[in-house]
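Colleague: This is data26.txt, which holds compact mmCIF, C-alpha atoms:
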```
# COMPACT_ATOMS: atom_id res chain seq x y z
CA MET G 1 14.39 -8.65 9.52
CA VAL G 2 17.66 -9.84 7.94
CA PRO G 3 17.64 -9.66 4.13
CA PHE G 4 17.66 -12.94 2.23
CA ILE G 5 21.16 -13.24 0.85
CA SER G 6 22.31 -15.92 -1.53
CA ILE G 7 26.09 -16.09 -1.78
CA LEU G 8 26.99 -18.41 -4.62
CA THR G 9 30.71 -18.81 -4.18
CA PRO G 10 31.73 -17.87 -0.64
CA GLN G 11 35.32 -16.75 -0.55
CA SER G 12 37.69 -15.94 2.25
CA LEU G 13 38.56 -12.29 2.51
CA ALA G 14 41.60 -11.36 0.50
CA SER G 15 44.44 -9.31 1.92
CA GLU G 16 43.93 -6.58 -0.66
CA CYS G 17 40.86 -4.67 -1.76
CA HIS G 18 39.41 -5.33 -5.20
CA PRO G 19 37.03 -3.24 -7.23
CA ALA G 20 33.58 -4.72 -7.71
CA PHE G 21 31.16 -4.62 -10.57
CA PHE G 22 27.68 -4.53 -9.00
CA LEU G 23 24.80 -5.17 -11.33
CA ASP G 24 21.07 -5.31 -11.23
CA ARG G 25 19.53 -8.60 -12.33
CA ASP G 26 16.29 -7.86 -14.20
CA ASP G 27 16.53 -5.77 -17.39
CA THR G 28 20.29 -5.44 -16.93
CA LEU G 29 21.86 -8.89 -16.73
CA MET G 30 18.85 -10.83 -17.92
CA VAL G 31 15.65 -10.02 -19.77
CA ASN G 32 12.96 -8.95 -17.32
CA CYS G 33 9.97 -11.24 -16.82
CA PRO G 34 8.00 -9.66 -13.94
CA TYR G 35 8.07 -11.80 -10.79
CA LEU G 36 9.97 -14.54 -12.60
CA CYS G 37 9.56 -17.95 -10.99
CA GLU G 38 10.20 -20.26 -13.96
CA PRO G 39 13.87 -21.09 -14.63
CA SER G 40 13.13 -21.92 -18.27
CA ARG G 41 12.32 -18.23 -18.89
CA VAL G 42 15.76 -16.94 -17.82
CA ALA G 43 17.49 -15.29 -20.77
CA LEU G 44 20.72 -13.29 -20.70
CA PHE G 45 21.08 -10.08 -22.69
CA PRO G 46 23.48 -10.29 -25.64
CA GLY G 47 27.00 -9.34 -24.60
CA ALA G 48 26.43 -10.17 -20.92
CA THR G 49 28.98 -12.96 -20.61
CA GLU G 50 31.52 -11.16 -22.81
CA GLY G 51 31.33 -8.02 -20.66
CA LEU G 52 31.43 -9.88 -17.36
CA ARG G 53 34.44 -11.95 -18.49
CA ALA G 54 36.26 -8.70 -19.33
CA PHE G 55 35.52 -7.26 -15.88
CA ARG G 56 36.58 -10.50 -14.18
CA ASN G 57 39.82 -10.59 -16.18
CA ALA G 58 40.50 -6.99 -15.11
CA GLY G 59 40.27 -8.02 -11.43
CA TYR G 60 36.69 -6.98 -10.60
CA ARG G 61 34.48 -8.97 -8.27
CA LEU G 62 31.12 -9.69 -9.93
CA ILE G 63 28.16 -9.15 -7.59
CA VAL G 64 24.45 -9.02 -8.39
CA VAL G 65 22.25 -6.81 -6.18
CA SER G 66 18.53 -7.14 -6.83
CA ASN G 67 15.19 -6.13 -5.34
CA GLN G 68 12.94 -9.20 -5.39
CA SER G 69 9.76 -8.04 -3.69
CA GLY G 70 7.86 -10.89 -5.33
CA LEU G 71 9.17 -13.02 -2.48
CA GLY G 72 7.71 -10.69 0.15
CA ARG G 73 4.48 -10.35 -1.80
CA GLY G 74 4.10 -14.14 -1.97
CA TYR G 75 4.32 -14.27 -5.78
CA PHE G 76 7.05 -16.91 -5.61
CA THR G 77 8.86 -18.97 -2.97
CA ARG G 78 12.50 -19.04 -1.91
CA GLU G 79 12.78 -22.36 -3.69
CA GLN G 80 11.51 -20.82 -6.94
CA LEU G 81 13.88 -17.86 -6.53
CA SER G 82 16.74 -20.33 -5.96
CA ALA G 83 15.77 -22.28 -9.09
CA VAL G 84 15.81 -19.08 -11.17
CA THR G 85 19.14 -18.11 -9.61
CA ASN G 86 20.60 -21.54 -10.36
CA ARG G 87 19.53 -21.24 -14.00
CA LEU G 88 21.13 -17.79 -14.22
CA VAL G 89 24.36 -19.22 -12.80
CA GLU G 90 24.25 -22.10 -15.32
CA LEU G 91 23.84 -19.74 -18.27
CA LEU G 92 26.69 -17.54 -17.07
CA ALA G 93 28.92 -20.58 -16.49
CA ALA G 94 28.21 -21.77 -20.03
CA GLY G 95 29.65 -18.43 -21.14
CA GLY G 96 32.72 -18.80 -18.93
CA VAL G 97 31.58 -16.47 -16.13
CA SER G 98 31.23 -17.09 -12.41
CA LEU G 99 29.72 -14.61 -9.97
CA ASP G 100 31.18 -13.88 -6.57
CA ALA G 101 27.76 -13.35 -4.99
CA ILE G 102 24.10 -12.54 -5.49
CA TYR G 103 22.32 -10.43 -2.86
CA TYR G 104 18.54 -10.14 -2.89
CA CYS G 105 16.20 -7.86 -0.98
CA PRO G 106 12.97 -9.84 -0.49
CA HIS G 107 10.99 -6.97 1.05
CA THR G 108 8.07 -5.01 -0.31
CA PRO G 109 8.49 -1.24 -0.68
CA ASP G 110 6.29 -0.51 2.34
CA GLU G 111 8.49 -2.57 4.70
CA ASN G 112 11.02 0.28 4.87
CA CYS G 113 14.04 -2.02 5.03
CA ASN G 114 17.67 -0.96 4.62
CA CYS G 115 18.39 -3.49 1.87
CA ARG G 116 15.88 -2.34 -0.75
CA LYS G 117 17.57 -0.31 -3.45
CA PRO G 118 18.28 2.62 -3.47
CA ARG G 119 19.19 2.06 0.18
CA THR G 120 22.66 0.68 0.73
CA GLY G 121 22.12 -2.53 2.72
CA LEU G 122 23.01 -4.90 -0.13
CA ILE G 123 26.25 -3.04 -0.87
CA GLU G 124 27.08 -2.96 2.86
CA ALA G 125 26.54 -6.73 3.06
CA ALA G 126 28.87 -7.28 0.10
CA CYS G 127 31.51 -5.08 1.75
CA ARG G 128 31.28 -7.17 4.92
CA ASP G 129 31.75 -10.37 2.93
CA PHE G 130 34.45 -9.19 0.52
CA ASP G 131 37.30 -6.67 0.56
CA ILE G 132 35.91 -4.13 -1.90
CA ASP G 133 37.46 -0.88 -3.05
CA LEU G 134 34.26 1.18 -3.44
CA ALA G 135 36.10 4.14 -5.01
CA LYS G 136 37.00 1.93 -7.99
CA SER G 137 33.71 0.03 -8.12
CA TRP G 138 30.73 0.36 -10.45
CA MET G 139 26.97 -0.14 -10.32
CA ILE G 140 24.96 -0.76 -13.46
CA GLY G 141 21.19 -0.92 -13.67
CA ASP G 142 18.23 0.20 -15.70
CA LYS G 143 16.21 2.05 -13.04
CA ALA G 144 16.59 5.26 -11.07
CA ALA G 145 16.91 3.18 -7.86
CA ASP G 146 20.07 1.55 -9.25
CA LEU G 147 21.67 4.90 -10.05
CA GLU G 148 20.60 6.32 -6.68
CA LEU G 149 22.14 3.27 -4.99
CA ALA G 150 25.40 4.06 -6.77
CA GLN G 151 25.26 7.64 -5.55
CA ASN G 152 24.33 6.59 -1.99
CA SER G 153 27.22 4.09 -1.93
CA ARG G 154 29.70 6.41 -3.67
CA LEU G 155 30.06 4.07 -6.64
CA HIS G 156 30.59 4.94 -10.28
CA ALA G 157 27.30 4.49 -12.17
CA ALA G 158 26.25 3.25 -15.58
CA GLN G 159 22.76 2.92 -16.98
CA PHE G 160 21.70 -0.13 -18.95
CA LEU G 161 19.21 0.66 -21.72
CA PRO G 162 17.24 -2.56 -22.24
CA LYS G 163 15.01 -1.07 -24.97
CA GLU G 164 15.56 1.48 -27.70
CA ASP G 165 13.03 3.84 -26.12
CA SER G 166 14.48 3.56 -22.58
CA PRO G 167 14.68 7.05 -21.05
CA LEU G 168 18.08 8.38 -20.04
CA LEU G 169 18.30 8.88 -16.29
CA PRO G 170 20.45 11.36 -14.38
CA GLY G 171 23.53 10.18 -12.52
CA ALA G 172 25.11 7.76 -14.98
CA GLU G 173 28.60 8.21 -16.37
CA PHE G 174 27.71 5.93 -19.29
CA ALA G 175 24.48 4.66 -20.85
CA VAL G 176 24.88 1.40 -22.78
CA ARG G 177 22.92 -1.36 -24.48
CA SER G 178 25.27 -4.20 -23.52
CA LEU G 179 27.68 -5.18 -20.79
CA ALA G 180 30.27 -5.87 -23.51
CA GLU G 181 29.96 -2.24 -24.64
CA LEU G 182 30.33 -1.02 -21.05
CA SER G 183 33.44 -3.13 -20.43
CA LYS G 184 35.11 -1.56 -23.47
CA LEU G 185 34.29 1.95 -22.21
CA ILE G 186 35.43 1.38 -18.63
CA LEU G 187 38.45 -0.84 -19.23
CA LYS G 188 39.97 1.04 -22.17
```
Go through the file and emit its structure as structure tokens.
Modeller:
Amino acid sequence: MVPFISILTPQSLASECHPAFFLDRDDTLMVNCPYLCEPSRVALFPGATEGLRAFRNAGYRLIVVSNQSGLGRGYFTREQLSAVTNRLVELLAAGGVSLDAIYYCPHTPDENCNCRKPRTGLIEAACRDFDIDLAKSWMIGDKAADLELAQNSRLHAAQFLPKEDSPLLPGAEFAVRSLAELSKLILK
């Protein structure tokens, strides 16, 4: 089964490779509401737009990679997922940020697909659609699967700590509480 992929701003392939900033959606870019299907509940973390603008200005592609098994479990529809995605895009645009793409894995864990993090299918899809320099690219997320995806894809890794009591996970070069903080560490 082909993963559900939503590419927000399709772009022709550039002649040169660019680094990418891959990020998880829930509890990294936006506050996690389990199996979110209501656009009105989308809320960005403080510093999200500031950090993403800094990465964009430094030449990074901005790509969200997210497991959304609620689709496969029947907890929400593609239309509801699209509505949530559209609200996320609106909030980012209000902060002066546009994403290059959002890739979702709609499968449940027992489907054994290649696109569910920590497997590399979402990163591979992004590499097919964009010229990406993986050696200079980053993955940020809050879960072990995000950091394992970085390792499996040979990306640099950072851990987002959504709560004060979030446990530190192995494999991250940085652990941060905001994307603005991470941009200052990486782009210094």
Colleague: Take every atom of range 141-153 of chain G listed in the file, fit an axis-aligned box around them, add 3 Å per side, and give the centre and edge lengths in Å to one decimal as JSON.
Modeller:
```
{"center_x": 21.7, "center_y": 3.4, "center_z": -8.8, "size_x": 17.0, "size_y": 14.6, "size_z": 19.8}
```
Colleague: Using only C-alpha atoms, find the one residue out of G:Met30, G:Ala54, G:Ala150, G:Leu23 that sits nearest to Ala101 in chain G.
Modeller: G:Leu23
Colleague: Write out as a PyMOL selection string each polymer residue whose atoms come within 9 Å of range 156-172 of chain G, counting all atoms listed in the file; drop sequence neighbours fewer than 6 positions from it.
Modeller: chain G and resi 27-28+31+45+134-144+146-150+178-179+182
Colleague: What is the CA of Leu99 in chain G-CA of Lys188 in chain G distance in Å, reported with one decimal?
Modeller: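 If I compute the distance from CA of Leu99 in chain G to CA of Lys188 in chain G, I get 22.3 Å.
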Colleague: Have a look at G:Ser98, G:Ala58, G:Ser66, G:Leu187 and name the one nearest to Asn86 in chain G; count all atoms listed in the file.
Modeller: G:Ser98
Colleague: Skipping near chain neighbours, those fewer than 2 positions away, what residues fall within 12 Å of Asn114 in chain G using only C-alpha atoms, listed as a PDB file with C-alpha atoms, in the frame of the given file?
Modeller:
```pdb
ATOM      1  CA  MET G   1      14.390  -8.650   9.520  1.00  0.00           C
ATOM      2  CA  VAL G   2      17.660  -9.840   7.940  1.00  0.00           C
ATOM      3  CA  PRO G   3      17.640  -9.660   4.130  1.00  0.00           C
ATOM      4  CA  ASN G  67      15.190  -6.130  -5.340  1.00  0.00           C
ATOM      5  CA  TYR G 104      18.540 -10.140  -2.890  1.00  0.00           C
ATOM      6  CA  CYS G 105      16.200  -7.860  -0.980  1.00  0.00           C
ATOM      7  CA  PRO G 106      12.970  -9.840  -0.490  1.00  0.00           C
ATOM      8  CA  HIS G 107      10.990  -6.970   1.050  1.00  0.00           C
ATOM      9  CA  THR G 108       8.070  -5.010  -0.310  1.00  0.00           C
ATOM     10  CA  PRO G 109       8.490  -1.240  -0.680  1.00  0.00           C
ATOM     11  CA  ASP G 110       6.290  -0.510   2.340  1.00  0.00           C
ATOM     12  CA  GLU G 111       8.490  -2.570   4.700  1.00  0.00           C
ATOM     13  CA  ASN G 112      11.020   0.280   4.870  1.00  0.00           C
ATOM     14  CA  ARG G 116      15.880  -2.340  -0.750  1.00  0.00           C
ATOM     15  CA  LYS G 117      17.570  -0.310  -3.450  1.00  0.00           C
ATOM     16  CA  PRO G 118      18.280   2.620  -3.470  1.00  0.00           C
ATOM     17  CA  ARG G 119      19.190   2.060   0.180  1.00  0.00           C
ATOM     18  CA  THR G 120      22.660   0.680   0.730  1.00  0.00           C
ATOM     19  CA  GLY G 121      22.120  -2.530   2.720  1.00  0.00           C
ATOM     20  CA  LEU G 122      23.010  -4.900  -0.130  1.00  0.00           C
ATOM     21  CA  ILE G 123      26.250  -3.040  -0.870  1.00  0.00           C
ATOM     22  CA  GLU G 124      27.080  -2.960   2.860  1.00  0.00           C
ATOM     23  CA  ALA G 125      26.540  -6.730   3.060  1.00  0.00           C
ATOM     24  CA  LEU G 149      22.140   3.270  -4.990  1.00  0.00           C
TER      25      LEU G 149
END
```
Colleague: With all atoms listed in the file counted, which protein, DNA or RNA residues have an atom no more than 10 Å from (13.4, -21.3, -17.6) in the file frame? Please answer as a ChimeraX atom specification.
Modeller: /G:36-43,83-84,87-88
Colleague: Would you compute the distance between CA of Phe76 in chain G and CA of Gly47 in chain G? Give it in Å to one decimal.
Modeller: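 Going from CA of Phe76 in chain G over to CA of Gly47 in chain G, I get 28.6 Å.
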Colleague: Rounded to one decimal, what separation in Å do you get between CA of Ile186 in chain G and CA of Ile132 in chain G?
Modeller: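 It comes out at 17.6 Å.
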Colleague: Select, from G:Val65, G:Cys127, G:Leu44, G:Leu71, the residue with the minimum atom-to-atom distance to Val89 in chain G, counting all atoms listed in the file.
Modeller: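 Among the listed residues, the smallest separation from Val89 in chain G belongs to G:Leu44.
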Colleague: What's around Leu185 in chain G at 10 Å? Count only C-alpha atoms, leave out sequence neighbours fewer than 5 positions away in its own chain, and write the answer as a PyMOL selection string.
Modeller: chain G and resi 174+176+179-180
